[in-house]
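Participant: Once you've had a glance at the structure underneath, I'll fire off some questions.
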Amino acid sequence: MIKHNTMLTEQEFRQALKACSLKATPQRLAVHAAMLALEHAAADSVAAWLAEHGAASVTVASVYNTLSRLAKAGIYRSRMSADAKMYFDANPSKHIHFYDSVNHTFRNLYDEELYALVEERLKRRRLKGYKIDGIDLQIVCLRTRRKAAAGRD
């Protein structure tokens with residue numbers, strides 16, 4: 001079953017760090033607080049959020065390294081946008097993304113049936129010389145004018 005919005009609370013984040021033999025440093029905790037607010041974000045957006053909220057004075061490079069380390073540990077997920085910018089997702093659960101290729105934004109779609117269908121189909125398929133390590137579903141889309149004008153998501 002796909003759990004909706006499974007971003008980690010601060011306590012769960014601390015436990016996840018410990019399970020990965022990582023320390024709960026003030027910088028990691030501040031970055032996680034930003035990611036809880038932003039959900040999908042690039043390092044520059046996280047650094048800007050931190051500066052705006054007075055949480056920590058951290059360079060974009062340090063934020064990027066922190067986010068990358070958390071993604072490598074499986075606590076976050078990384079996503080490349082069409083403009084070749086790395087975004088990070090604070091929700092590591094199985095879910096699908098709608099990617100707005102104009103505004104470079106991500107929205108989550110929780111569709112257990114669709115995700116299970118793709119998983120099952122790929123399990124039955126043989127890819128010579130490859131083993132499926134994971135599934136990352138991203139649907140590239142453009143916002144419609146009507147909805148964009150109305151300000152609805």
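Just so we're on the same page: first chain in the structure tokens is A, next is B, and so on; residues restart at 1 for each chain, and ligands are numbered from 1 in the order they show up.
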So that I can see what lies close to Ala16 (chain A), please list as a ChimeraX atom specification the residues with an atom at most 7 Å from it, counting only C-alpha atoms and leaving out residues fewer than 4 positions away in the same chain.
Facilitator: /A:12,20,75
Participant: What's the 8 Å shell around Asp89 (chain A), counting only C-alpha atoms, without same-chain residues fewer than 2 positions away, as a compact mmCIF listing (two decimals) with N, CA and C atoms, in the first residue's frame?
Facilitator:
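File part-v2.txt, as written:
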# COMPACT_ATOMS: atom_id res chain seq x y z
N MET A 35 12.87 21.27 4.11
CA MET A 35 12.26 20.30 3.19
C MET A 35 10.84 19.93 3.62
N GLU A 39 8.84 20.48 0.51
CA GLU A 39 8.57 19.13 -0.01
C GLU A 39 9.43 18.75 -1.21
N HIS A 40 9.36 19.48 -2.31
CA HIS A 40 10.22 19.27 -3.48
C HIS A 40 11.02 20.55 -3.66
N ALA A 41 12.34 20.46 -3.61
CA ALA A 41 13.12 21.70 -3.71
C ALA A 41 14.54 21.42 -4.18
N TYR A 76 15.75 10.86 1.48
CA TYR A 76 15.09 11.68 0.46
C TYR A 76 15.27 10.99 -0.88
N ARG A 77 14.65 11.53 -1.90
CA ARG A 77 14.85 11.08 -3.28
C ARG A 77 15.33 12.28 -4.08
N SER A 78 16.11 12.02 -5.10
CA SER A 78 16.56 13.11 -5.98
C SER A 78 15.83 13.00 -7.32
N ARG A 79 15.61 14.15 -7.94
CA ARG A 79 14.89 14.23 -9.21
C ARG A 79 15.57 15.28 -10.08
N TYR A 87 16.53 18.39 -8.09
CA TYR A 87 15.54 18.66 -7.04
C TYR A 87 15.52 17.47 -6.10
N ASN A 91 9.70 13.13 0.47
CA ASN A 91 8.82 11.97 0.64
C ASN A 91 9.43 10.78 -0.11
N PRO A 92 10.07 9.86 0.59
CA PRO A 92 10.72 8.74 -0.08
C PRO A 92 9.80 7.57 -0.41
Participant: Please provide the set of residues having any atom within 9 Å of region 97-101 of chain A, restricted to only C-alpha atoms, with same-chain residues fewer than 5 positions apart removed, written as an mmCIF file with N, CA and C atoms, in the first residue's frame.
Facilitator:
data_model
loop_
_atom_site.group_PDB
_atom_site.id
_atom_site.type_symbol
_atom_site.label_atom_id
_atom_site.label_comp_id
_atom_site.auth_asym_id
_atom_site.auth_seq_id
_atom_site.Cartn_x
_atom_site.Cartn_y
_atom_site.Cartn_z
ATOM 1 N N SER A 81 15.334 17.866 -13.148
ATOM 2 C CA SER A 81 14.316 18.596 -13.902
ATOM 3 C C SER A 81 14.772 18.750 -15.351
ATOM 4 N N ALA A 82 13.867 19.212 -16.191
ATOM 5 C CA ALA A 82 14.181 19.394 -17.613
ATOM 6 C C ALA A 82 15.232 20.476 -17.824
ATOM 7 N N ASP A 83 15.382 21.379 -16.867
ATOM 8 C CA ASP A 83 16.406 22.415 -16.993
ATOM 9 C C ASP A 83 17.720 21.982 -16.332
ATOM 10 N N PHE A 106 7.060 20.109 -9.092
ATOM 11 C CA PHE A 106 6.614 18.723 -8.967
ATOM 12 C C PHE A 106 5.375 18.672 -8.084
ATOM 13 N N ARG A 107 4.460 17.784 -8.432
ATOM 14 C CA ARG A 107 3.286 17.493 -7.607
ATOM 15 C C ARG A 107 3.196 15.992 -7.455
ATOM 16 N N ASN A 108 2.796 15.559 -6.290
ATOM 17 C CA ASN A 108 2.664 14.130 -6.028
ATOM 18 C C ASN A 108 1.319 13.608 -6.498
ATOM 19 N N LEU A 109 1.348 12.388 -7.014
ATOM 20 C CA LEU A 109 0.134 11.668 -7.367
ATOM 21 C C LEU A 109 0.220 10.318 -6.665
ATOM 22 N N TYR A 110 -0.772 10.025 -5.845
ATOM 23 C CA TYR A 110 -0.828 8.746 -5.149
ATOM 24 C C TYR A 110 -1.880 7.892 -5.843
ATOM 25 N N ASP A 136 10.774 4.804 -10.837
ATOM 26 C CA ASP A 136 10.582 6.229 -10.605
ATOM 27 C C ASP A 136 9.670 6.750 -11.705
ATOM 28 N N LEU A 137 8.407 6.953 -11.386
ATOM 29 C CA LEU A 137 7.438 7.387 -12.388
ATOM 30 C C LEU A 137 7.276 8.899 -12.349
ATOM 31 N N GLN A 138 7.510 9.512 -13.487
ATOM 32 C CA GLN A 138 7.370 10.962 -13.611
ATOM 33 C C GLN A 138 6.613 11.262 -14.893
ATOM 34 N N ILE A 139 5.537 11.998 -14.766
ATOM 35 C CA ILE A 139 4.718 12.381 -15.907
ATOM 36 C C ILE A 139 4.990 13.851 -16.185
ATOM 37 N N VAL A 140 5.505 14.142 -17.363
ATOM 38 C CA VAL A 140 5.811 15.517 -17.743
ATOM 39 C C VAL A 140 4.542 16.149 -18.291
ATOM 40 N N CYS A 141 4.229 17.326 -17.804
ATOM 41 C CA CYS A 141 2.985 17.966 -18.225
ATOM 42 C C CYS A 141 3.146 19.481 -18.300
ATOM 43 N N LEU A 142 2.152 20.095 -18.892
ATOM 44 C CA LEU A 142 2.044 21.551 -18.951
ATOM 45 C C LEU A 142 0.757 21.933 -18.248
ATOM 46 N N ARG A 143 0.803 22.968 -17.449
ATOM 47 C CA ARG A 143 -0.427 23.428 -16.797
ATOM 48 C C ARG A 143 -1.338 24.037 -17.842
#
Participant: Quick one: pick out all strand (DSSP E or B) residues within region 80-143 of chain A from a backbone DSSP run and write them as a ChimeraX atom specification.
Facilitator: /A:80,86-89,96-100,105-109,138-141
Participant: Which residues come within 12 Å of Ala19 (chain A), counting only C-alpha atoms, excluding same-chain residues fewer than 4 positions away, as an mmCIF file with C-alpha atoms, in the first residue's frame?
Facilitator:
data_model
loop_
_atom_site.group_PDB
_atom_site.id
_atom_site.type_symbol
_atom_site.label_atom_id
_atom_site.label_comp_id
_atom_site.auth_asym_id
_atom_site.auth_seq_id
_atom_site.Cartn_x
_atom_site.Cartn_y
_atom_site.Cartn_z
ATOM 1 C CA GLU A 12 11.588 10.047 12.634
ATOM 2 C CA PHE A 13 14.274 11.961 10.737
ATOM 3 C CA ARG A 14 16.640 11.657 13.702
ATOM 4 C CA GLN A 15 15.948 7.914 13.850
ATOM 5 C CA LYS A 23 24.633 12.388 13.002
ATOM 6 C CA ALA A 24 21.677 14.698 13.561
ATOM 7 C CA ALA A 73 21.001 7.268 2.316
ATOM 8 C CA GLY A 74 17.420 6.803 1.045
ATOM 9 C CA ILE A 75 15.933 9.386 3.397
#
Participant: Here is a test: counting only C-alpha atoms, which residue of A:Asn103, A:His53, A:Leu67, A:Lys94 is nearest to Gly134 (chain A)?
Facilitator: A:Lys94
Participant: Using CA of Asn65 (chain A) and CA of Asp133 (chain A) as the two end points, give the distance in Å to one decimal.
Facilitator: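 If I compute the distance from CA of Asn65 (chain A) to CA of Asp133 (chain A), I get 23.4 Å.
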Participant: Between CA of Thr66 (chain A) and CA of Pro26 (chain A), what is the distance, to one decimal in Å?
Facilitator: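 Going from CA of Thr66 (chain A) over to CA of Pro26 (chain A) covers 11.4 Å.
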Participant: Which residues are near Ile135 (chain A)? Cut-off 10 Å, only C-alpha atoms, ignore same chain within fewer than 6 positions. Put them as a list in words.
Facilitator: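 What passes the distance filter is Lys94, His95, Ile96, Tyr115, Val118, Glu119 and Leu122 of chain A.
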Participant: Report, in Å with one decimal, the straight-line distance from CA of Leu117 (chain A) to CA of Ser93 (chain A).
Facilitator: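 These two atoms are separated by 16.7 Å.
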Participant: Go through A:Ala42, A:Ala48, A:Leu127, A:Val31 and flag the residue nearest Leu70 (chain A), using only C-alpha atoms for the distances.
Facilitator: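 Of A:Ala42, A:Ala48, A:Leu127, A:Val31, the one nearest Leu70 (chain A), counting only C-alpha atoms, is A:Val31.
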Participant: With only C-alpha atoms as the basis for distance, which of A:Glu120, A:Arg69, A:Val60, A:Thr105 is at the shortest distance from Ser21 (chain A)?
Facilitator: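 Residue with the minimum atom-to-atom distance to Ser21 (chain A): A:Arg69.
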Participant: Using the chain letters and numbers from this document, which residues of region 4-121 of chain A does DSSP assign to helix (DSSP H, G or I), as a ChimeraX atom specification?
Facilitator: /A:10-19,26-38,43-52,60-72,112-121
Participant: Please dump the current selection as a PDB file, in the first residue's frame; keep C-alpha atoms.
Facilitator:
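Writing the result to part.pdb gives the following:
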ATOM      1  CA  GLU A  10      11.884  15.520  13.157  1.00  0.00           C
ATOM      2  CA  GLN A  11      11.958  12.528  15.519  1.00  0.00           C
ATOM      3  CA  GLU A  12      11.588  10.047  12.634  1.00  0.00           C
ATOM      4  CA  PHE A  13      14.274  11.961  10.737  1.00  0.00           C
ATOM      5  CA  ARG A  14      16.640  11.657  13.702  1.00  0.00           C
ATOM      6  CA  GLN A  15      15.948   7.914  13.850  1.00  0.00           C
ATOM      7  CA  ALA A  16      16.522   7.547  10.093  1.00  0.00           C
ATOM      8  CA  LEU A  17      19.832   9.386  10.385  1.00  0.00           C
ATOM      9  CA  LYS A  18      20.908   7.121  13.241  1.00  0.00           C
ATOM     10  CA  ALA A  19      19.919   4.016  11.245  1.00  0.00           C
ATOM     11  CA  PRO A  26      22.107  21.310  13.355  1.00  0.00           C
ATOM     12  CA  GLN A  27      22.622  21.763   9.599  1.00  0.00           C
ATOM     13  CA  ARG A  28      20.870  18.490   8.715  1.00  0.00           C
ATOM     14  CA  LEU A  29      17.994  19.303  11.068  1.00  0.00           C
ATOM     15  CA  ALA A  30      17.641  22.793   9.558  1.00  0.00           C
ATOM     16  CA  VAL A  31      17.693  21.397   6.014  1.00  0.00           C
ATOM     17  CA  HIS A  32      15.035  18.860   6.984  1.00  0.00           C
ATOM     18  CA  ALA A  33      12.841  21.618   8.473  1.00  0.00           C
ATOM     19  CA  ALA A  34      13.099  23.452   5.142  1.00  0.00           C
ATOM     20  CA  MET A  35      12.257  20.300   3.193  1.00  0.00           C
ATOM     21  CA  LEU A  36       9.193  19.692   5.369  1.00  0.00           C
ATOM     22  CA  ALA A  37       7.989  23.149   4.347  1.00  0.00           C
ATOM     23  CA  LEU A  38       9.004  22.895   0.672  1.00  0.00           C
ATOM     24  CA  ALA A  43      19.467  23.368  -2.979  1.00  0.00           C
ATOM     25  CA  ASP A  44      19.159  27.076  -3.783  1.00  0.00           C
ATOM     26  CA  SER A  45      15.509  27.101  -2.670  1.00  0.00           C
ATOM     27  CA  VAL A  46      16.381  25.336   0.576  1.00  0.00           C
ATOM     28  CA  ALA A  47      19.244  27.781   1.248  1.00  0.00           C
ATOM     29  CA  ALA A  48      16.892  30.715   0.562  1.00  0.00           C
ATOM     30  CA  TRP A  49      14.269  29.248   2.924  1.00  0.00           C
ATOM     31  CA  LEU A  50      16.895  28.815   5.635  1.00  0.00           C
ATOM     32  CA  ALA A  51      18.109  32.408   5.205  1.00  0.00           C
ATOM     33  CA  GLU A  52      14.547  33.758   5.246  1.00  0.00           C
ATOM     34  CA  VAL A  60      24.042  26.515  -1.385  1.00  0.00           C
ATOM     35  CA  ALA A  61      26.945  24.090  -1.884  1.00  0.00           C
ATOM     36  CA  SER A  62      26.651  22.834   1.710  1.00  0.00           C
ATOM     37  CA  VAL A  63      22.891  22.447   1.334  1.00  0.00           C
ATOM     38  CA  TYR A  64      23.389  20.531  -1.925  1.00  0.00           C
ATOM     39  CA  ASN A  65      25.908  18.206  -0.280  1.00  0.00           C
ATOM     40  CA  THR A  66      23.558  17.617   2.656  1.00  0.00           C
ATOM     41  CA  LEU A  67      20.584  16.896   0.379  1.00  0.00           C
ATOM     42  CA  SER A  68      22.689  14.590  -1.809  1.00  0.00           C
ATOM     43  CA  ARG A  69      23.899  12.645   1.225  1.00  0.00           C
ATOM     44  CA  LEU A  70      20.331  12.266   2.508  1.00  0.00           C
ATOM     45  CA  ALA A  71      19.188  11.061  -0.916  1.00  0.00           C
ATOM     46  CA  LYS A  72      22.059   8.583  -1.110  1.00  0.00           C
ATOM     47  CA  GLU A 112      -1.731   2.618  -5.938  1.00  0.00           C
ATOM     48  CA  GLU A 113      -3.418   0.849  -8.845  1.00  0.00           C
ATOM     49  CA  LEU A 114      -1.302   2.559 -11.509  1.00  0.00           C
ATOM     50  CA  TYR A 115       1.921   2.080  -9.560  1.00  0.00           C
ATOM     51  CA  ALA A 116       1.140  -1.610  -8.967  1.00  0.00           C
ATOM     52  CA  LEU A 117       0.322  -2.079 -12.660  1.00  0.00           C
ATOM     53  CA  VAL A 118       3.699  -0.668 -13.709  1.00  0.00           C
ATOM     54  CA  GLU A 119       5.537  -2.729 -11.068  1.00  0.00           C
ATOM     55  CA  GLU A 120       3.804  -5.943 -12.139  1.00  0.00           C
ATOM     56  CA  ARG A 121       4.408  -5.300 -15.826  1.00  0.00           C
TER      57      ARG A 121
END
